[in-house]
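Only one structure is covered here, and it is reproduced in the block below.
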Amino acid sequence: MSSNEDDAFEICERLDVDYVLVIFGGKSHYSGDDINKFLWMVRIGGGVFPHIKEEDYYNKGMYRVDRYASETMLNSLMYRLSFYRFDEVYNHQNNKFGWDTVRNTEMGLKGYKLKHFEEAFTSENWIVRIFKVKNRNNRDGIQIIKPAHLANKFP
């Protein structure tokens, strides 16, 4: 979840992941969401993979999801899946689109597209979000042909 979308896709493929579940509270005031827990994921990942550095997810020492968020944060799969299409959500309290009610700020990155993941389900209150990992042959017209000796092992 701390990787950018391209790297995360490669990891998902290696682990044979079909779907990714994200818990997001930005619309419904649910503060126990994955974005609030994300730094723990980064810390745990950094303990195993030294290239994951917690400070890369901060901007001037602050953990942010608004327009001042770090580039690493804005490009992380966690951010991209959590806030995907959230800029289309209107907040009646402050007349803004993409307003995160948990962090009391406007999301930082808007109008982006997902390359390797597609939204499969988002609950009415946006707390539960499920994304399907696209097959390699469903992207950009590329079709991967498996060698004959692997065809029966990996459908």
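All residue names refer to the structure tokens as shown: chains lettered A, B, ... in order, residues numbered from 1 in each chain, ligands numbered from 1 in order.
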
* To do: Do a neighbour search on Lys53 in chain A at 12 Å with only C-alpha atoms, toss out local chain neighbours closer than 3 positions, and write the hits as a ChimeraX atom specification.
  => /A:2-3,39-50,56-58,72-73

Restricting it to N, CA and C atoms, dump the selection as a PDB file, in the first residue's frame.
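Listed below is the output, result_26.pdb:
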```
ATOM      1  N   SER A   2       2.108   1.124   0.419  1.00  0.00           N
ATOM      2  CA  SER A   2       2.987   2.299   0.431  1.00  0.00           C
ATOM      3  C   SER A   2       3.675   2.524  -0.908  1.00  0.00           C
ATOM      4  N   SER A   3       3.597   1.553  -1.792  1.00  0.00           N
ATOM      5  CA  SER A   3       4.234   1.669  -3.109  1.00  0.00           C
ATOM      6  C   SER A   3       3.389   2.497  -4.055  1.00  0.00           C
ATOM      7  N   LEU A  39       0.408   5.131   8.499  1.00  0.00           N
ATOM      8  CA  LEU A  39       1.798   5.279   8.947  1.00  0.00           C
ATOM      9  C   LEU A  39       2.291   4.032   9.674  1.00  0.00           C
ATOM     10  N   TRP A  40       1.385   3.315  10.316  1.00  0.00           N
ATOM     11  CA  TRP A  40       1.803   2.054  10.938  1.00  0.00           C
ATOM     12  C   TRP A  40       2.152   1.031   9.873  1.00  0.00           C
ATOM     13  N   MET A  41       1.412   1.016   8.792  1.00  0.00           N
ATOM     14  CA  MET A  41       1.736   0.125   7.681  1.00  0.00           C
ATOM     15  C   MET A  41       3.113   0.472   7.113  1.00  0.00           C
ATOM     16  N   VAL A  42       3.373   1.769   6.981  1.00  0.00           N
ATOM     17  CA  VAL A  42       4.667   2.233   6.469  1.00  0.00           C
ATOM     18  C   VAL A  42       5.783   1.831   7.432  1.00  0.00           C
ATOM     19  N   ARG A  43       5.561   2.004   8.723  1.00  0.00           N
ATOM     20  CA  ARG A  43       6.576   1.643   9.722  1.00  0.00           C
ATOM     21  C   ARG A  43       6.871   0.149   9.684  1.00  0.00           C
ATOM     22  N   ILE A  44       5.828  -0.659   9.597  1.00  0.00           N
ATOM     23  CA  ILE A  44       6.015  -2.114   9.546  1.00  0.00           C
ATOM     24  C   ILE A  44       6.746  -2.498   8.262  1.00  0.00           C
ATOM     25  N   GLY A  45       6.319  -1.935   7.132  1.00  0.00           N
ATOM     26  CA  GLY A  45       6.978  -2.207   5.858  1.00  0.00           C
ATOM     27  C   GLY A  45       8.427  -1.767   5.875  1.00  0.00           C
ATOM     28  N   GLY A  46       8.694  -0.611   6.471  1.00  0.00           N
ATOM     29  CA  GLY A  46      10.059  -0.105   6.549  1.00  0.00           C
ATOM     30  C   GLY A  46      10.969  -0.977   7.387  1.00  0.00           C
ATOM     31  N   GLY A  47      10.376  -1.714   8.339  1.00  0.00           N
ATOM     32  CA  GLY A  47      11.166  -2.639   9.155  1.00  0.00           C
ATOM     33  C   GLY A  47      11.636  -3.840   8.359  1.00  0.00           C
ATOM     34  N   VAL A  48      10.932  -4.169   7.304  1.00  0.00           N
ATOM     35  CA  VAL A  48      11.285  -5.323   6.471  1.00  0.00           C
ATOM     36  C   VAL A  48      12.013  -4.868   5.206  1.00  0.00           C
ATOM     37  N   PHE A  49      11.550  -3.757   4.645  1.00  0.00           N
ATOM     38  CA  PHE A  49      12.117  -3.223   3.400  1.00  0.00           C
ATOM     39  C   PHE A  49      12.703  -1.842   3.687  1.00  0.00           C
ATOM     40  N   PRO A  50      14.018  -1.737   3.847  1.00  0.00           N
ATOM     41  CA  PRO A  50      14.651  -0.476   4.256  1.00  0.00           C
ATOM     42  C   PRO A  50      14.434   0.697   3.297  1.00  0.00           C
ATOM     43  N   ASP A  56       9.402   9.953   4.119  1.00  0.00           N
ATOM     44  CA  ASP A  56       8.981  10.239   2.745  1.00  0.00           C
ATOM     45  C   ASP A  56       7.482  10.523   2.649  1.00  0.00           C
ATOM     46  N   TYR A  57       6.721  10.132   3.663  1.00  0.00           N
ATOM     47  CA  TYR A  57       5.273  10.323   3.656  1.00  0.00           C
ATOM     48  C   TYR A  57       4.862  11.589   4.404  1.00  0.00           C
ATOM     49  N   TYR A  58       5.844  12.334   4.861  1.00  0.00           N
ATOM     50  CA  TYR A  58       5.618  13.604   5.552  1.00  0.00           C
ATOM     51  C   TYR A  58       6.016  14.762   4.649  1.00  0.00           C
ATOM     52  N   THR A  72       5.397  11.314  -2.349  1.00  0.00           N
ATOM     53  CA  THR A  72       5.348   9.879  -2.056  1.00  0.00           C
ATOM     54  C   THR A  72       3.971   9.489  -1.536  1.00  0.00           C
ATOM     55  N   MET A  73       3.412  10.305  -0.676  1.00  0.00           N
ATOM     56  CA  MET A  73       2.074  10.033  -0.137  1.00  0.00           C
ATOM     57  C   MET A  73       1.029  10.084  -1.249  1.00  0.00           C
TER      58      MET A  73
END
```

* To do: With a distance cut-off of 6 Å and only C-alpha atoms, select the neighbouring residues of Gly108 in chain A, excluding the residue or stretch itself and same-chain residues fewer than 5 positions from it, and output the selection as number ranges by chain.
  => A: 65-67

* Asked: Using only C-alpha atoms, which of A:Asp33, A:Glu55, A:Asp87, A:Glu106 sits nearest Val128 in chain A?
  ->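 Nearest to Val128 in chain A: A:Asp33.
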
* Who sits within 10 Å of Gly111 in chain A, only C-alpha atoms, same chain under 4 positions skipped, as an NGL selection string -> :A and (84-88)

* To do: May I ask for the distance between CA of Tyr19 in chain A and CA of Lys113 in chain A, given in Å to one decimal place?
  =>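 Interatomic distance here is 17.5 Å.
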
* Using only C-alpha atoms, which residues sit within 9 Å of Asp34 in chain A once same-chain residues fewer than 3 positions away are excluded, as a ChimeraX atom specification? -> /A:22-25,31,37-38,78,82

* Minimum-distance residue to Arg103 in chain A, chosen among A:Lys60, A:Lys134, A:His116, A:His29 (using only C-alpha atoms) ->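 Residue with the minimum atom-to-atom distance to Arg103 in chain A: A:His29.
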
* Interatomic distance between CA of His92 in chain A and CA of Thr122 in chain A? -> 19.9 Å
